[in-house]
>>> print(open('my_file.txt').read())   # compact mmCIF, C-alpha atoms
# COMPACT_ATOMS: atom_id res chain seq x y z
CA MET N 1 0.00 0.00 0.00
CA SER N 2 2.81 2.40 0.89
CA LEU N 3 4.52 1.64 -2.42
CA LEU N 4 1.27 2.38 -4.23
CA MET N 5 0.99 5.71 -2.42
CA LEU N 6 4.52 6.62 -3.53
CA ALA N 7 3.67 5.76 -7.11
CA LEU N 8 0.62 8.01 -7.16
CA PRO N 9 1.12 11.54 -8.51
CA ALA N 10 1.41 14.34 -5.96
CA LYS N 11 -1.56 16.57 -5.32
CA ASP N 12 -1.73 20.02 -6.79
CA PRO N 13 0.73 22.23 -4.96
CA VAL N 14 -0.57 24.31 -2.10
CA LEU N 15 1.52 26.91 -0.31
CA PRO N 16 3.78 26.44 1.45
CA LEU N 17 4.99 23.51 -0.65
CA GLN N 18 5.15 20.16 1.15
CA ASP N 19 6.05 17.59 -1.49
CA PRO N 20 9.84 17.04 -1.75
CA VAL N 21 9.71 17.15 -5.55
CA TYR N 22 8.17 20.63 -5.57
CA ILE N 23 10.51 21.89 -2.84
CA PHE N 24 13.66 20.59 -4.51
CA GLY N 25 12.49 21.92 -7.87
CA VAL N 26 12.03 25.44 -6.44
CA LEU N 27 15.41 25.28 -4.69
CA LEU N 28 17.15 24.27 -7.92
CA LEU N 29 15.39 27.10 -9.75
CA ILE N 30 16.70 29.56 -7.13
CA LEU N 31 20.23 28.14 -7.48
CA LEU N 32 19.98 28.55 -11.27
CA VAL N 33 18.63 32.09 -11.23
CA ALA N 34 20.74 33.58 -8.41
CA PRO N 35 24.10 33.77 -10.27
CA LEU N 36 22.33 35.17 -13.35
CA LEU N 37 20.84 37.97 -11.23
CA ALA N 38 24.04 38.59 -9.29
CA LYS N 39 26.25 39.17 -12.33
CA PRO N 40 24.65 42.29 -13.89
CA PHE N 41 24.19 43.93 -10.48
CA LYS N 42 27.73 42.95 -9.38
CA LEU N 43 26.37 41.44 -6.16
CA PRO N 44 27.81 38.50 -4.22
CA VAL N 45 25.75 35.39 -5.06
CA LEU N 46 25.36 34.79 -1.30
CA ILE N 47 23.36 38.03 -1.01
CA VAL N 48 21.06 37.12 -3.91
CA LEU N 49 20.44 33.64 -2.44
CA LEU N 50 19.50 35.20 0.91
CA VAL N 51 17.15 37.68 -0.77
CA LEU N 52 15.44 35.01 -2.90
CA GLY N 53 15.07 32.73 0.14
CA CYS N 54 13.53 35.62 2.04
CA LEU N 55 11.21 36.50 -0.86
CA LEU N 56 9.93 32.94 -1.25
CA GLY N 57 10.01 32.06 2.45
CA SER N 58 7.38 32.03 5.18
CA ASN N 59 7.59 35.79 5.68
CA GLY N 60 7.49 36.55 1.96
CA LEU N 61 5.38 34.81 -0.68
CA GLY N 62 5.05 31.70 1.48
CA VAL N 63 6.27 29.27 -1.20
CA LEU N 64 8.85 27.61 1.07
CA THR N 65 8.83 26.86 4.77
CA ARG N 66 11.50 25.33 7.00
CA GLY N 67 10.07 21.81 6.96
CA PRO N 68 11.88 18.46 7.39
CA GLN N 69 13.18 18.36 3.81
CA LEU N 70 14.72 21.83 4.01
CA ILE N 71 16.14 21.15 7.49
CA PHE N 72 17.89 18.01 6.19
CA LEU N 73 19.42 19.86 3.24
CA GLU N 74 20.31 22.77 5.55
CA LYS N 75 22.20 20.41 7.89
CA ALA N 76 24.08 18.84 4.98
CA GLY N 77 25.04 22.35 3.84
CA LEU N 78 26.23 23.26 7.35
CA LEU N 79 28.52 20.24 7.53
CA TYR N 80 29.81 20.86 4.02
CA ILE N 81 30.63 24.48 4.85
CA MET N 82 32.71 23.40 7.84
CA LEU N 83 34.41 20.59 5.87
CA LEU N 84 35.52 23.01 3.15
CA ALA N 85 36.57 25.60 5.75
CA GLY N 86 38.94 23.06 7.29
CA MET N 87 40.20 21.68 3.98
CA GLN N 88 40.90 25.09 2.49
CA MET N 89 42.63 26.62 5.53
CA ASP N 90 46.17 27.65 4.66
CA LEU N 91 47.94 25.89 7.53
CA SER N 92 51.34 26.81 6.12
CA ASN N 93 50.76 30.39 7.31
CA LEU N 94 50.13 29.14 10.84
CA ARG N 95 53.39 27.17 10.76
CA ARG N 96 55.37 29.90 9.00
CA LEU N 97 54.34 32.78 11.24
CA GLY N 98 53.73 30.77 14.41
CA LEU N 99 53.33 33.01 17.43
CA ARG N 100 52.23 36.05 15.43
CA SER N 101 49.34 34.12 13.88
CA LEU N 102 48.39 32.67 17.27
CA PHE N 103 48.52 36.10 18.92
CA PHE N 104 46.35 37.62 16.20
CA GLY N 105 43.94 34.65 16.32
CA LEU N 106 43.40 35.15 20.06
CA LEU N 107 43.02 38.90 19.60
CA ASN N 108 40.70 38.50 16.63
CA PHE N 109 38.43 36.23 18.64
CA GLY N 110 38.69 37.89 22.06
CA LEU N 111 38.13 41.55 21.19
CA PRO N 112 35.00 41.06 19.04
CA PHE N 113 33.68 38.58 21.62
CA ILE N 114 33.95 41.19 24.39
CA VAL N 115 32.50 43.96 22.20
CA GLY N 116 29.62 41.69 21.18
CA MET N 117 28.74 40.94 24.80
CA ILE N 118 28.89 44.64 25.71
CA CYS N 119 26.60 45.52 22.78
CA ALA N 120 24.15 42.77 23.74
CA GLN N 121 24.02 43.91 27.37
CA GLY N 122 23.41 47.48 26.24
CA MET N 123 20.59 46.45 23.88
CA LEU N 124 18.97 44.35 26.62
CA LYS N 125 19.06 47.28 29.04
CA ILE N 126 17.43 49.75 26.66
CA GLY N 127 14.91 47.19 25.40
CA LEU N 128 16.15 46.74 21.83
CA ILE N 129 16.41 43.02 22.61
CA ASP N 130 13.30 41.55 24.22
CA ALA N 131 14.59 39.58 27.22
CA SER N 132 11.25 37.77 27.57
CA ALA N 133 11.62 36.34 24.05
CA THR N 134 14.92 34.63 24.85
CA GLN N 135 15.53 31.50 26.90
CA SER N 136 18.40 33.04 28.91
CA THR N 137 19.77 36.59 28.87
CA PHE N 138 23.21 35.33 29.92
CA LEU N 139 23.37 32.88 27.00
CA THR N 140 21.95 35.53 24.65
CA VAL N 141 24.82 37.83 25.63
CA ALA N 142 27.31 34.97 25.16
CA ILE N 143 26.05 34.00 21.72
CA MET N 144 26.11 37.64 20.62
CA GLY N 145 29.78 37.73 21.57
CA ILE N 146 30.37 34.59 19.53
CA LEU N 147 28.46 36.12 16.60
CA PHE N 148 30.89 39.05 16.49
CA SER N 149 34.03 36.88 16.42
CA PRO N 150 34.26 34.69 13.30
CA HIS N 151 34.89 35.90 9.77
CA THR N 152 35.10 34.54 6.25
CA LEU N 153 38.15 35.18 4.05
CA LEU N 154 35.88 36.49 1.31
CA ALA N 155 38.52 38.97 0.10
CA TYR N 156 41.39 36.44 -0.04
CA PRO N 157 41.08 35.94 -3.85
CA ILE N 158 41.78 39.68 -4.18
CA MET N 159 45.08 39.17 -2.32
CA ILE N 160 45.94 36.35 -4.75
CA ARG N 161 45.15 38.54 -7.77
CA LEU N 162 47.23 41.40 -6.40
CA GLY N 163 50.14 39.05 -5.74
CA ILE N 164 50.54 39.87 -2.03
CA VAL N 165 49.61 36.57 -0.36
CA GLN N 166 53.22 36.12 0.77
CA ARG N 167 53.24 39.44 2.61
CA GLU N 168 53.43 38.89 6.36
CA PRO N 169 50.24 40.82 7.30
CA VAL N 170 48.20 38.66 4.89
CA GLY N 171 49.79 35.49 6.30
CA VAL N 172 49.08 36.58 9.87
CA ALA N 173 45.41 37.24 9.01
CA VAL N 174 45.00 33.88 7.27
CA GLY N 175 46.89 31.92 9.94
CA GLY N 176 44.98 33.62 12.75
CA THR N 177 41.70 32.59 11.10
CA VAL N 178 42.35 28.95 12.06
CA LEU N 179 42.49 29.73 15.79
CA THR N 180 39.60 32.21 15.59
CA SER N 181 37.40 29.55 13.96
CA LEU N 182 38.35 26.87 16.50
CA LEU N 183 37.65 29.16 19.48
CA THR N 184 34.33 30.20 17.92
CA LEU N 185 33.24 26.57 17.56
CA VAL N 186 34.26 25.69 21.11
CA GLY N 187 32.35 28.73 22.40
CA LEU N 188 29.27 27.78 20.37
CA THR N 189 29.45 24.22 21.71
CA LEU N 190 29.44 25.47 25.31
CA VAL N 191 26.50 27.80 24.65
CA GLN N 192 24.52 25.00 22.97
CA ALA N 193 25.20 22.62 25.87
CA SER N 194 24.19 25.27 28.39
CA ALA N 195 20.97 26.05 26.53
CA LYS N 196 20.05 22.36 26.52
CA GLY N 197 20.94 21.93 30.19
CA GLN N 198 23.74 19.50 29.35
CA VAL N 199 26.63 21.23 31.14
CA SER N 200 28.01 18.75 33.63
CA ALA N 201 31.25 17.14 34.81
CA GLU N 202 30.71 14.59 32.05
CA LEU N 203 30.63 17.33 29.39
CA TRP N 204 33.86 18.86 30.69
CA LEU N 205 35.49 15.42 30.62
CA LYS N 206 34.32 14.96 27.05
CA LEU N 207 35.61 18.41 26.03
CA GLY N 208 38.83 18.15 28.03
CA ILE N 209 39.74 14.53 27.29
CA GLY N 210 37.40 12.98 24.72
CA LEU N 211 37.55 15.77 22.12
CA PRO N 212 41.38 16.18 22.22
CA LEU N 213 41.74 12.38 21.90
CA LEU N 214 39.36 12.35 18.94
CA ILE N 215 41.30 15.21 17.29
CA ALA N 216 44.62 13.41 17.87
CA LEU N 217 43.19 10.18 16.46
CA CYS N 218 41.82 11.98 13.39
CA PHE N 219 45.05 13.85 12.71
CA TRP N 220 47.00 10.58 13.01
CA GLY N 221 44.62 8.10 11.37
CA ILE N 222 42.84 10.03 8.60
CA PRO N 223 46.06 10.97 6.71
CA LYS N 224 47.15 7.29 6.84
CA LEU N 225 43.81 6.14 5.42
CA ALA N 226 43.92 8.97 2.88
CA GLN N 227 47.30 7.74 1.61
CA GLN N 228 45.66 4.44 0.68
CA PHE N 229 42.72 6.04 -1.10
CA PHE N 230 44.59 8.88 -2.81
CA ASN N 231 47.69 6.91 -3.85
CA PRO N 232 47.96 7.15 -7.68
CA LYS N 233 49.34 3.59 -7.77
CA ALA N 234 46.17 2.25 -6.14
CA ASP N 235 44.13 3.38 -9.15
CA ILE N 236 41.05 4.18 -7.06
CA PRO N 237 38.41 6.07 -9.07
CA LEU N 238 37.59 9.66 -8.16
CA SER N 239 34.02 8.70 -7.30
CA LEU N 240 35.25 6.33 -4.57
CA GLN N 241 37.72 8.94 -3.30
CA PHE N 242 34.84 11.41 -3.05
CA ILE N 243 32.77 8.86 -1.09
CA PHE N 244 35.75 8.39 1.26
CA VAL N 245 35.76 12.15 1.96
CA LEU N 246 32.01 12.17 2.67
CA THR N 247 32.31 9.06 4.86
CA THR N 248 35.11 10.74 6.82
CA LEU N 249 32.97 13.86 7.20
CA PHE N 250 29.91 12.07 8.58
CA ALA N 251 31.90 9.57 10.67
CA ILE N 252 33.78 12.32 12.55
CA ALA N 253 30.64 14.48 12.78
CA SER N 254 28.84 11.48 14.31
CA ALA N 255 31.73 10.94 16.74
CA THR N 256 31.53 14.53 17.99
CA LEU N 257 27.76 14.18 18.37
CA GLY N 258 28.45 11.13 20.55
CA LEU N 259 30.64 13.35 22.73
CA GLY N 260 27.80 15.85 23.11
CA VAL N 261 29.51 18.34 20.78
CA ASP N 262 27.78 19.81 17.73
CA SER N 263 28.41 17.92 14.50
CA ILE N 264 29.76 21.07 12.80
CA VAL N 265 32.83 20.79 15.06
CA GLY N 266 33.38 17.27 13.75
CA ALA N 267 33.00 18.50 10.18
CA PHE N 268 35.66 21.15 10.77
CA ILE N 269 38.00 18.56 12.35
CA ALA N 270 37.44 16.30 9.32
CA GLY N 271 38.40 19.15 7.00
CA LEU N 272 41.58 19.93 8.95
CA ALA N 273 42.51 16.21 9.08
CA LEU N 274 42.15 15.95 5.28
CA ASN N 275 43.83 19.32 4.66
CA GLN N 276 47.31 18.05 3.79
CA SER N 277 46.12 14.94 1.93
CA ILE N 278 44.14 16.65 -0.83
CA PRO N 279 45.97 19.37 -2.82
CA LEU N 280 43.96 22.56 -3.21
CA HIS N 281 44.07 22.41 -7.02
CA SER N 282 43.60 18.65 -7.44
CA ASP N 283 40.78 17.01 -9.43
CA LEU N 284 39.31 15.61 -6.22
CA MET N 285 39.25 19.01 -4.50
CA ASN N 286 37.60 20.49 -7.59
CA ARG N 287 34.83 17.92 -7.32
CA ILE N 288 34.41 18.37 -3.57
CA ASP N 289 34.24 22.12 -4.03
CA PHE N 290 31.92 21.79 -7.03
CA VAL N 291 29.33 19.67 -5.22
CA GLY N 292 29.38 21.87 -2.13
CA ASN N 293 29.27 25.24 -3.82
CA SER N 294 26.81 24.13 -6.51
CA LEU N 295 24.25 22.45 -4.29
CA PHE N 296 24.52 21.99 -0.51
CA ILE N 297 25.97 25.35 0.56
CA PRO N 298 23.67 27.51 -1.62
CA ILE N 299 20.64 25.58 -0.32
CA PHE N 300 21.77 26.27 3.25
CA ILE N 301 22.02 29.99 2.46
CA VAL N 302 18.53 29.93 0.91
CA SER N 303 17.18 28.23 4.05
CA VAL N 304 18.58 31.05 6.18
CA GLY N 305 16.80 33.52 3.90
CA VAL N 306 13.57 31.55 4.41
CA LEU N 307 13.88 32.23 8.15
CA ALA N 308 14.48 35.96 7.69
CA ASN N 309 11.70 38.50 8.11
CA PRO N 310 12.62 41.92 6.66
CA LYS N 311 9.11 43.23 7.45
CA ILE N 312 10.21 43.56 11.05
CA PHE N 313 12.32 46.60 10.13
CA VAL N 314 9.01 48.33 9.26
CA THR N 315 6.75 46.87 11.96
CA ALA N 316 9.42 47.26 14.66
CA PRO N 317 11.64 50.25 13.75
CA GLY N 318 13.82 49.50 16.79
CA SER N 319 15.23 46.61 14.74
CA LEU N 320 17.10 49.19 12.64
CA GLY N 321 18.84 50.30 15.83
CA VAL N 322 19.77 46.67 16.57
CA ALA N 323 21.24 46.31 13.07
CA ALA N 324 23.18 49.58 13.37
CA ILE N 325 24.69 48.57 16.73
CA ILE N 326 25.63 45.07 15.55
CA ILE N 327 27.19 46.25 12.28
CA SER N 328 29.15 49.16 13.77
CA GLY N 329 30.26 47.17 16.83
CA ALA N 330 31.42 44.17 14.82
CA VAL N 331 33.31 46.26 12.22
CA LEU N 332 35.02 48.40 14.87
CA ALA N 333 36.01 45.31 16.88
CA LYS N 334 37.73 43.75 13.86
CA PHE N 335 39.45 47.05 13.12
CA ALA N 336 40.67 47.27 16.74
CA ALA N 337 42.13 43.74 16.53
CA ALA N 338 43.93 44.59 13.26
CA TRP N 339 45.20 47.91 14.66
CA ILE N 340 46.61 46.34 17.85
CA ALA N 341 48.31 43.63 15.81
CA GLY N 342 49.70 46.32 13.49
CA GLN N 343 51.10 48.30 16.40
CA SER N 344 52.63 45.15 17.91
CA PHE N 345 54.24 43.95 14.67
CA LYS N 346 55.16 47.39 13.23
CA TYR N 347 52.83 47.26 10.22
CA ASN N 348 51.97 50.43 8.33
CA TRP N 349 48.43 51.81 7.89
CA ASN N 350 47.81 50.11 4.53
CA GLU N 351 48.87 46.74 5.97
CA VAL N 352 46.65 47.20 9.04
CA MET N 353 43.66 47.98 6.84
CA THR N 354 44.46 45.02 4.59
CA ILE N 355 44.25 42.74 7.66
CA CYS N 356 41.03 44.47 8.69
CA SER N 357 39.49 44.00 5.23
CA LEU N 358 40.38 40.29 5.22
CA THR N 359 38.75 39.67 8.61
CA MET N 360 35.72 41.94 8.21
CA SER N 361 33.37 39.89 6.02
CA ARG N 362 31.00 37.50 7.73
CA ALA N 363 29.22 34.70 5.95
CA ALA N 364 29.03 30.96 6.49
CA LEU N 365 30.01 30.54 10.14
CA VAL N 366 27.91 33.49 11.31
CA LEU N 367 24.92 31.96 9.50
CA VAL N 368 25.62 28.70 11.35
CA ILE N 369 25.70 30.48 14.73
CA VAL N 370 22.64 32.68 14.23
CA THR N 371 20.58 29.75 12.93
CA SER N 372 21.58 27.72 15.98
CA GLY N 373 20.77 30.69 18.25
CA LYS N 374 17.32 31.04 16.73
CA ASP N 375 16.62 27.31 17.13
CA LEU N 376 17.67 27.49 20.81
CA LYS N 377 15.53 30.63 21.40
CA LEU N 378 18.61 32.69 22.29
CA VAL N 379 18.24 35.03 19.32
CA ASP N 380 14.95 36.85 18.73
CA GLU N 381 13.60 37.88 15.35
CA PRO N 382 14.96 41.47 15.33
CA VAL N 383 18.47 40.23 16.15
CA PHE N 384 18.24 37.44 13.56
CA ASN N 385 17.28 39.89 10.82
CA ALA N 386 19.89 42.38 12.02
CA VAL N 387 22.54 39.67 11.66
CA ILE N 388 21.40 39.01 8.07
CA ALA N 389 21.85 42.75 7.40
CA TYR N 390 25.24 42.61 9.12
CA ILE N 391 26.32 39.78 6.77
CA VAL N 392 25.17 41.75 3.72
CA VAL N 393 27.00 44.95 4.75
CA THR N 394 30.28 43.24 5.70
CA CYS N 395 30.27 41.13 2.51
CA PHE N 396 30.10 44.39 0.54
CA LEU N 397 32.51 46.39 2.67
CA GLY N 398 35.28 43.79 3.11
CA PRO N 399 36.13 43.25 -0.59
CA ILE N 400 35.93 47.01 -1.33
CA LEU N 401 38.46 47.80 1.42
CA ALA N 402 40.62 44.82 0.40
CA GLU N 403 40.84 46.11 -3.17
CA TRP N 404 41.60 49.66 -2.04
CA PHE N 405 44.30 48.93 0.53
CA GLY N 406 45.60 45.75 -1.13
CA GLN N 407 46.54 47.80 -4.19
CA ARG N 408 48.52 50.17 -1.99
CA VAL N 409 50.35 47.28 -0.30
CA ALA N 410 51.13 45.83 -3.73
CA ALA N 411 52.40 49.25 -4.89
CA GLN N 412 54.65 49.51 -1.82
CA GLU N 413 56.07 46.09 -2.57
CA SER N 414 56.80 46.99 -6.20
CA GLU N 415 58.61 50.13 -4.99
CA LEU N 416 60.70 48.14 -2.52
CA LYS N 417 61.86 45.51 -5.05
CA PRO N 418 64.09 47.85 -7.14
CA MET N 419 65.60 49.20 -3.91
CA ALA N 420 66.35 45.68 -2.71
CA GLN N 421 67.90 44.73 -6.07
CA GLY N 422 69.97 47.92 -6.03
>>> encode(input="my_file.txt", output="structure tokens")
Amino acid sequence: MSLLMLALPAKDPVLPLQDPVYIFGVLLLILLVAPLLAKPFKLPVLIVLLVLGCLLGSNGLGVLTRGPQLIFLEKAGLLYIMLLAGMQMDLSNLRRLGLRSLFFGLLNFGLPFIVGMICAQGMLKIGLIDASATQSTFLTVAIMGILFSPHTLLAYPIMIRLGIVQREPVGVAVGGTVLTSLLTLVGLTLVQASAKGQVSAELWLKLGIGLPLLIALCFWGIPKLAQQFFNPKADIPLSLQFIFVLTTLFAIASATLGLGVDSIVGAFIAGLALNQSIPLHSDLMNRIDFVGNSLFIPIFIVSVGVLANPKIFVTAPGSLGVAAIIISGAVLAKFAAAWIAGQSFKYNWNEVMTICSLTMSRAALVLVIVTSGKDLKLVDEPVFNAVIAYIVVTCFLGPILAEWFGQRVAAQESELKPMAQG
């Protein structure tokens, strides 16, 4: 009987769509149209995906809602984002610059975290954040601090094009990103456990002993397994190599879930463990990147747009104040971290601003955090929509500043070369 039901044609679509065929068809249409719309307007595709998700979501035309099918695809996109983040980290910068990268990573996490908590406390006091709409004001303050901390190296391709990736300030920014991301994920894990009432001696044992053991095992065992699968002499087809990568991703994500840690931490560990085994410009990496950036990651971004409610900026004008505080606080915090690092390492103004531009843009990880915060009732609707605005603004601002100051750093380098040769 159940097989017969599956064979029967779906009913005429009613909104919001419920049948997986309709939902997936609409999602694919969005993924097809978004790059075509982004190109003439010179917009990041991420922004167009968010806007289309918002337009077709529950608070727009009501075509899509965050049902089980979208939640599944959203989770797959989350894990894929963290896998690619780990795989594409330039760990050579962390090794090459060592203490400077570690110092900047701590600074780049700590300062925005503190500023974010201060901003959240201020907004709670003046009523811009509704304390009654959140599960815990303390955890709301904590997750706001975490929201301010991570960044996406959206402007890094500009550094490559300008030929300044070997400059120390760029290396410090990229190397520090590894530590910033790790600290952000640990902080998010603690907030999630607290919100679910799972903080106990057992959790601390898992975080203090279980997680480090898992990381050590992954960093030792995964490269050894990878040698067998990626050895050219073994003649293993690319399709099987790709399945090995996905199996590694979900196996480690499952292991972290077993430790009471969010699966995105496991996905990031999997990416770091595979980092040295898969060259950045290999055929396998091209396929991994292709699948993620063509399907899973864009669908995740659309699902975040589905949750957004831009109407709140009209119905609750105070939300504009929330957005202004979050955007200005987050940008200034990243600038402060870059400026302190510049003063400590004797960088000039153009180099400081190049670091700032690299660490300013927020995208994937912030979407992960704010979605988690909304699910845990730690982030209310005005804050959620303000964070979407914050992503949009920083994704515009970061690359513009990177182009402006990166060109000046490149010009300084070209001036120094003849002097060095002379």
>>> closest_residue(input="my_file.txt", among="N:Arg167, N:Gly57, N:Gly175, N:Gly260", to="Leu205 of chain N", atoms="only C-alpha atoms")
N:Gly260
>>> closest_residue(input="my_file.txt", among="N:Val141, N:Ala341, N:Leu27, N:Ala267", to="Val191 of chain N", atoms="all atoms listed in the file")
N:Val141
>>> residues_near_point(input="my_file.txt", point="(32.8, 40.3, 19.0)", cutoff="6 Å", atoms="all atoms listed in the file", output="PyMOL selection string")
chain N and resi 111-116+145+148-149+330
>>> atom_distance(input="my_file.txt", atom1="atom CA of Leu225 of chain N", atom2="atom CA of Met87 of chain N")
16.0 Å
>>> residues_around(input="my_file.txt", residues="segment 280-292 of chain N", least_positions_apart="3", cutoff="8 Å", atoms="all atoms listed in the file", output="list in words")
Gly77, Tyr80, Ile81, Leu84, Gln88, Leu238, Gln241, Phe242, Leu295, Phe296 and Ile297 of chain N
>>> closest_residue(input="my_file.txt", among="N:Leu358, N:Ile143, N:Ala76, N:Val45", to="Gln121 of chain N", atoms="only C-alpha atoms")
N:Ile143
>>> atom_distance(input="my_file.txt", atom1="atom CA of Ala411 of chain N", atom2="atom CA of Pro169 of chain N")
15.0 Å
>>> decode(input="my_file.txt", residues="segment 292-350 of chain N", atoms="C-alpha atoms", output="CSV table (one decimal), in the first residue's frame")
chain,number,residue,atom,x,y,z
N,292,GLY,CA,29.4,21.9,-2.1
N,293,ASN,CA,29.3,25.2,-3.8
N,294,SER,CA,26.8,24.1,-6.5
N,295,LEU,CA,24.3,22.4,-4.3
N,296,PHE,CA,24.5,22.0,-0.5
N,297,ILE,CA,26.0,25.3,0.6
N,298,PRO,CA,23.7,27.5,-1.6
N,299,ILE,CA,20.6,25.6,-0.3
N,300,PHE,CA,21.8,26.3,3.3
N,301,ILE,CA,22.0,30.0,2.5
N,302,VAL,CA,18.5,29.9,0.9
N,303,SER,CA,17.2,28.2,4.0
N,304,VAL,CA,18.6,31.1,6.2
N,305,GLY,CA,16.8,33.5,3.9
N,306,VAL,CA,13.6,31.5,4.4
N,307,LEU,CA,13.9,32.2,8.2
N,308,ALA,CA,14.5,36.0,7.7
N,309,ASN,CA,11.7,38.5,8.1
N,310,PRO,CA,12.6,41.9,6.7
N,311,LYS,CA,9.1,43.2,7.5
N,312,ILE,CA,10.2,43.6,11.1
N,313,PHE,CA,12.3,46.6,10.1
N,314,VAL,CA,9.0,48.3,9.3
N,315,THR,CA,6.8,46.9,12.0
N,316,ALA,CA,9.4,47.3,14.7
N,317,PRO,CA,11.6,50.2,13.8
N,318,GLY,CA,13.8,49.5,16.8
N,319,SER,CA,15.2,46.6,14.7
N,320,LEU,CA,17.1,49.2,12.6
N,321,GLY,CA,18.8,50.3,15.8
N,322,VAL,CA,19.8,46.7,16.6
N,323,ALA,CA,21.2,46.3,13.1
N,324,ALA,CA,23.2,49.6,13.4
N,325,ILE,CA,24.7,48.6,16.7
N,326,ILE,CA,25.6,45.1,15.5
N,327,ILE,CA,27.2,46.2,12.3
N,328,SER,CA,29.1,49.2,13.8
N,329,GLY,CA,30.3,47.2,16.8
N,330,ALA,CA,31.4,44.2,14.8
N,331,VAL,CA,33.3,46.3,12.2
N,332,LEU,CA,35.0,48.4,14.9
N,333,ALA,CA,36.0,45.3,16.9
N,334,LYS,CA,37.7,43.7,13.9
N,335,PHE,CA,39.5,47.1,13.1
N,336,ALA,CA,40.7,47.3,16.7
N,337,ALA,CA,42.1,43.7,16.5
N,338,ALA,CA,43.9,44.6,13.3
N,339,TRP,CA,45.2,47.9,14.7
N,340,ILE,CA,46.6,46.3,17.9
N,341,ALA,CA,48.3,43.6,15.8
N,342,GLY,CA,49.7,46.3,13.5
N,343,GLN,CA,51.1,48.3,16.4
N,344,SER,CA,52.6,45.1,17.9
N,345,PHE,CA,54.2,43.9,14.7
N,346,LYS,CA,55.2,47.4,13.2
N,347,TYR,CA,52.8,47.3,10.2
N,348,ASN,CA,52.0,50.4,8.3
N,349,TRP,CA,48.4,51.8,7.9
N,350,ASN,CA,47.8,50.1,4.5
